[in-house]
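Taking it in order: structure first as structure tokens, then the write-up.
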Amino acid sequence: MNADDEPRVTITAIAREAGVSVPTVSRVLNGRSDVAPDTRQRVEELLRHHGYRRRGSRTVRRANLVDLVFNDLDSPWAVEIIRGVEDVGHAAGVGTVVSAIHSESTSTRQWLQNLRDRASDGVIVVTSHLTPPVHAQLRRLNVPVVVVDPAAGVPGTDVPAIGATNWAGGLSATEHLLGLGHRRIGFVAGPTHLLCSRARLDGYRAALATGGVPLDDRLVQPGDFYHASGFAAGAALLDLDDPPTAIFAASDQMAFGVYEAVRRRGLRVADDVSVVGFDDLPEARWASPPLTTVRQPLVEMGRLAARTVLRLAQGEEIESPRVELATELVVRDSTARPAAG
């Protein structure tokens, strides 16, 4: 007898053992919110214990699909994460469903409904805020979750989070510029709601303090990780009465925007203004000049997230729920000693 021929436990049997009605079990299966927490937990434990699956459908554990959810997909950074997840998924025979969920509640509700309809082995949430209501819905569906670069923390200690050593990366980039002799170092920040952005800014500040360089708030400009904001911030910095001799951008894309701001003022990257990025996207080495940047292991972050969520789907426990992979400064031709004058 194969697994498909084995007798299947029924909703009625689950309801009888849990001491609840059949409609109550059905509401738990459908992720409905109108069930008391204690009752829901009791029913879910019995469903897992008996390996219940609906007639004609696959179990959640054997969906052979992983959901990869971004706040948006308009970034080569996202492509690197997808590559890592798909590397692991392909080796495990698991497909990847990529979605972009914006802040609108209708978008989130539609995605959750799609998840209920087709099932998933797990969800990987990238640079988004995993809100308690969404987390609760995923728990009700018995879908494990892993967060990559959490936006504002994760709800509870049971959600593994994967990131990079952003503070150390910000520190090393700024120390590199200080070591070249720069003292007026501009910083183009990422979105303030992201933990990784705040950590990079804190690393920049710490390096200045250690180097005995007072922080000038005018040298810190806001950005959103994209080219246009890097261009605007770079222009604002270069238009100061006492402009910086070096600019550290908290993403490679913003650094490329700074490149354009430098060029439009008749200046040259490295010769007149040193520029450092963060990410080490593939195009960083092909920029003109090649970009000095902080490499964060984006592909490996995706791989680790996929391995972690698949382990959770198999019922394994995760020893280290918070993991930070090491960043590394990659020195290329976009940084040099400040021009004399």
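Each chain of the structure tokens is named A, B, ... in the order shown, its residues numbered from 1; ligands are numbered from 1 in display order.
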Non-local contacts of A:Ala270 (6 Å; only C-alpha atoms; under 2 positions in same chain excluded) as a PyMOL selection string:
chain A and resi 272-274+334-336
Sort by chain and increasing residue number a table of all residues of stretch 81-137 of chain A within 6 Å of stretch 300-321 of chain A, each with its closest pair of atoms and their distance in Å to one decimal, counting only C-alpha atoms, and write it as a Markdown table.
```
| residue | atom | partner | partner_atom | distance |
| --- | --- | --- | --- | --- |
| A:Ile81 | CA | A:Gly302 | CA | 4.6 |
| A:Gly84 | CA | A:Gly302 | CA | 4.3 |
| A:Val85 | CA | A:Gly302 | CA | 4.7 |
| A:Val88 | CA | A:Arg303 | CA | 5.8 |
| A:Asp121 | CA | A:Ala313 | CA | 5.8 |
| A:Gly122 | CA | A:Val309 | CA | 5.7 |
```
Would you write out those residues with all heavy atoms, as a JSON list (two decimals), in the first residue's frame?
```json
[["chain", "number", "residue", "atom", "x", "y", "z"],
["A", 81, "ILE", "N", 18.58, 37.79, -4.77],
["A", 81, "ILE", "CA", 17.89, 36.97, -3.77],
["A", 81, "ILE", "C", 17.13, 35.83, -4.45],
["A", 81, "ILE", "O", 17.18, 34.67, -4.00],
["A", 81, "ILE", "CB", 16.92, 37.83, -2.94],
["A", 81, "ILE", "CG1", 17.67, 38.91, -2.14],
["A", 81, "ILE", "CG2", 16.08, 36.95, -2.00],
["A", 81, "ILE", "CD1", 18.48, 38.39, -0.99],
["A", 84, "GLY", "N", 19.36, 32.94, -5.43],
["A", 84, "GLY", "CA", 19.74, 32.08, -4.32],
["A", 84, "GLY", "C", 18.62, 31.14, -3.92],
["A", 84, "GLY", "O", 18.85, 29.94, -3.68],
["A", 85, "VAL", "N", 17.39, 31.65, -3.84],
["A", 85, "VAL", "CA", 16.24, 30.81, -3.47],
["A", 85, "VAL", "C", 16.02, 29.73, -4.52],
["A", 85, "VAL", "O", 15.79, 28.56, -4.19],
["A", 85, "VAL", "CB", 14.98, 31.67, -3.30],
["A", 85, "VAL", "CG1", 13.74, 30.79, -3.11],
["A", 85, "VAL", "CG2", 15.13, 32.62, -2.10],
["A", 88, "VAL", "N", 18.45, 26.63, -4.42],
["A", 88, "VAL", "CA", 18.07, 25.61, -3.43],
["A", 88, "VAL", "C", 16.79, 24.91, -3.83],
["A", 88, "VAL", "O", 16.67, 23.68, -3.73],
["A", 88, "VAL", "CB", 17.93, 26.24, -2.03],
["A", 88, "VAL", "CG1", 17.38, 25.24, -1.02],
["A", 88, "VAL", "CG2", 19.29, 26.77, -1.56],
["A", 121, "ASP", "N", 4.84, 25.33, 0.80],
["A", 121, "ASP", "CA", 5.72, 24.73, 1.81],
["A", 121, "ASP", "C", 6.26, 25.76, 2.78],
["A", 121, "ASP", "O", 6.71, 25.43, 3.87],
["A", 121, "ASP", "CB", 6.90, 24.01, 1.13],
["A", 121, "ASP", "CG", 6.46, 22.72, 0.45],
["A", 121, "ASP", "OD1", 5.55, 22.06, 0.97],
["A", 121, "ASP", "OD2", 7.03, 22.39, -0.59],
["A", 122, "GLY", "N", 6.27, 27.03, 2.37],
["A", 122, "GLY", "CA", 6.79, 28.06, 3.26],
["A", 122, "GLY", "C", 6.82, 29.40, 2.54],
["A", 122, "GLY", "O", 6.70, 29.48, 1.32]]
```
Just the number, please: distance in Å from atom CA of A:Asp217 to atom CA of A:Thr127, one decimal.
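Calculated distance between atom CA of A:Asp217 and atom CA of A:Thr127 is 26.4 Å.
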As an MDAnalysis selection string, please: every residue in stretch 118-153 of chain A that DSSP puts in strand (DSSP E or B).
chainID A and resid 122:126 145:148
Skip A:Arg27 itself and residues of its chain fewer than 6 positions away, then list as number ranges by chain all residues within 12 Å of it, counting only C-alpha atoms.
A: 11, 15, 20-21, 33-36, 39-40, 43-44, 140-141
Give me a file of those residues, with N, CA and C atoms, as a short mmCIF file (atom, residue, chain, number, x, y, z; two decimals), in the first residue's frame.
```cif
data_model
loop_
_atom_site.label_atom_id
_atom_site.label_comp_id
_atom_site.auth_asym_id
_atom_site.auth_seq_id
_atom_site.Cartn_x
_atom_site.Cartn_y
_atom_site.Cartn_z
N ILE A 11 -12.60 14.99 8.70
CA ILE A 11 -12.88 16.17 9.52
C ILE A 11 -13.74 15.77 10.71
N ALA A 15 -12.91 16.51 14.54
CA ALA A 15 -13.83 17.28 15.38
C ALA A 15 -14.19 16.51 16.64
N VAL A 20 -15.02 19.50 19.27
CA VAL A 20 -15.62 20.68 18.65
C VAL A 20 -16.52 20.22 17.51
N SER A 21 -17.19 21.18 16.88
CA SER A 21 -18.07 20.85 15.77
C SER A 21 -17.27 20.73 14.48
N SER A 33 -10.74 33.61 11.05
CA SER A 33 -10.31 34.23 12.32
C SER A 33 -11.30 34.02 13.45
N ASP A 34 -12.50 33.53 13.15
CA ASP A 34 -13.55 33.43 14.17
C ASP A 34 -13.50 32.11 14.93
N VAL A 35 -12.31 31.76 15.41
CA VAL A 35 -12.11 30.57 16.23
C VAL A 35 -11.26 30.96 17.44
N ALA A 36 -11.65 30.52 18.62
CA ALA A 36 -10.89 30.84 19.83
C ALA A 36 -9.46 30.31 19.71
N THR A 39 -8.85 26.76 21.00
CA THR A 39 -9.51 25.77 20.15
C THR A 39 -8.72 25.58 18.86
N ARG A 40 -8.29 26.70 18.27
CA ARG A 40 -7.52 26.62 17.03
C ARG A 40 -6.25 25.80 17.23
N VAL A 43 -7.04 22.05 17.51
CA VAL A 43 -7.41 21.47 16.22
C VAL A 43 -6.19 21.35 15.31
N GLU A 44 -5.38 22.40 15.26
CA GLU A 44 -4.19 22.38 14.39
C GLU A 44 -3.23 21.27 14.80
N ARG A 140 -2.07 30.08 11.08
CA ARG A 140 -3.31 29.31 10.97
C ARG A 140 -3.27 28.35 9.78
N LEU A 141 -2.59 28.77 8.73
CA LEU A 141 -2.43 27.92 7.56
C LEU A 141 -1.30 26.91 7.73
#
```
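For the set A:Ile82, A:Leu138, A:Val69, A:Cys196, the residue with the smallest atom-to-atom gap to A:Val28 is A:Leu138, counting only C-alpha atoms.
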DSSP helix (DSSP H, G or I) selection over stretch 72-294 of chain A, as a PyMOL selection string
chain A and resi 76-92+105-118+132-140+166-179+195-210+217-219+227-238+252-264+282-286
Skipping near chain neighbours, those fewer than 4 positions away, what residues fall within 12 Å of A:Trp77 using only C-alpha atoms, listed as a PyMOL selection string?
chain A and resi 70+72-73+81-84+126-127+225-226+251-253+278-284+295-299+301-302
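When only C-alpha atoms are used to compute distances to A:Asp333, the closest of the residues A:Arg263, A:Arg184, A:Arg48, A:Arg268 turns out to be A:Arg268.
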Report as a VMD selection string all protein, DNA and RNA residues lying within 7 Å of stretch 158-172 of chain A, evaluated on only C-alpha atoms, omitting residues in the same chain fewer than 2 positions from it.
chain A and resid 145 to 150 154 156 174 to 176 196 199 to 204 206 to 207 294 296 301 305 321 to 329
Take the residues that were just selected and, keeping C-alpha atoms, output them as a PDB file, in the first residue's frame.
```pdb
ATOM      1  CA  VAL A 145       7.950  31.859   7.547  1.00  0.00           C
ATOM      2  CA  VAL A 146      11.497  33.203   7.158  1.00  0.00           C
ATOM      3  CA  VAL A 147      12.271  36.924   6.928  1.00  0.00           C
ATOM      4  CA  VAL A 148      15.200  38.347   4.933  1.00  0.00           C
ATOM      5  CA  ASP A 149      16.330  41.846   5.958  1.00  0.00           C
ATOM      6  CA  PRO A 150      13.302  42.509   8.171  1.00  0.00           C
ATOM      7  CA  VAL A 154       9.751  40.320  13.267  1.00  0.00           C
ATOM      8  CA  GLY A 156       8.083  36.967  18.028  1.00  0.00           C
ATOM      9  CA  THR A 174      33.610  54.853   6.022  1.00  0.00           C
ATOM     10  CA  GLU A 175      36.912  53.724   7.556  1.00  0.00           C
ATOM     11  CA  HIS A 176      38.233  53.081   4.043  1.00  0.00           C
ATOM     12  CA  CYS A 196      19.487  47.423   7.377  1.00  0.00           C
ATOM     13  CA  ALA A 199      22.481  49.906  10.677  1.00  0.00           C
ATOM     14  CA  ARG A 200      24.525  51.209   7.717  1.00  0.00           C
ATOM     15  CA  LEU A 201      23.995  54.785   8.874  1.00  0.00           C
ATOM     16  CA  ASP A 202      25.005  53.829  12.418  1.00  0.00           C
ATOM     17  CA  GLY A 203      28.192  52.221  11.045  1.00  0.00           C
ATOM     18  CA  TYR A 204      29.008  55.431   9.168  1.00  0.00           C
ATOM     19  CA  ALA A 206      30.563  55.123  14.436  1.00  0.00           C
ATOM     20  CA  ALA A 207      33.496  55.291  12.016  1.00  0.00           C
ATOM     21  CA  VAL A 294      30.496  46.669   0.407  1.00  0.00           C
ATOM     22  CA  GLN A 296      26.714  41.584   0.988  1.00  0.00           C
ATOM     23  CA  MET A 301      21.126  35.031   1.852  1.00  0.00           C
ATOM     24  CA  ALA A 305      16.448  31.508   3.546  1.00  0.00           C
ATOM     25  CA  PRO A 321      16.699  32.119  14.563  1.00  0.00           C
ATOM     26  CA  ARG A 322      18.728  35.266  13.797  1.00  0.00           C
ATOM     27  CA  VAL A 323      21.603  34.957  11.316  1.00  0.00           C
ATOM     28  CA  GLU A 324      23.797  37.705   9.891  1.00  0.00           C
ATOM     29  CA  LEU A 325      26.109  36.802   7.023  1.00  0.00           C
ATOM     30  CA  ALA A 326      29.395  38.678   6.770  1.00  0.00           C
ATOM     31  CA  THR A 327      29.851  41.693   4.507  1.00  0.00           C
ATOM     32  CA  GLU A 328      33.156  42.523   2.826  1.00  0.00           C
ATOM     33  CA  LEU A 329      34.625  45.751   1.470  1.00  0.00           C
TER      34      LEU A 329
END
```
My list of candidates is A:Leu180, A:Val213, A:Ala233, A:Ala228. Which is closest to A:Arg337 when distances are computed with only C-alpha atoms?
A:Leu180
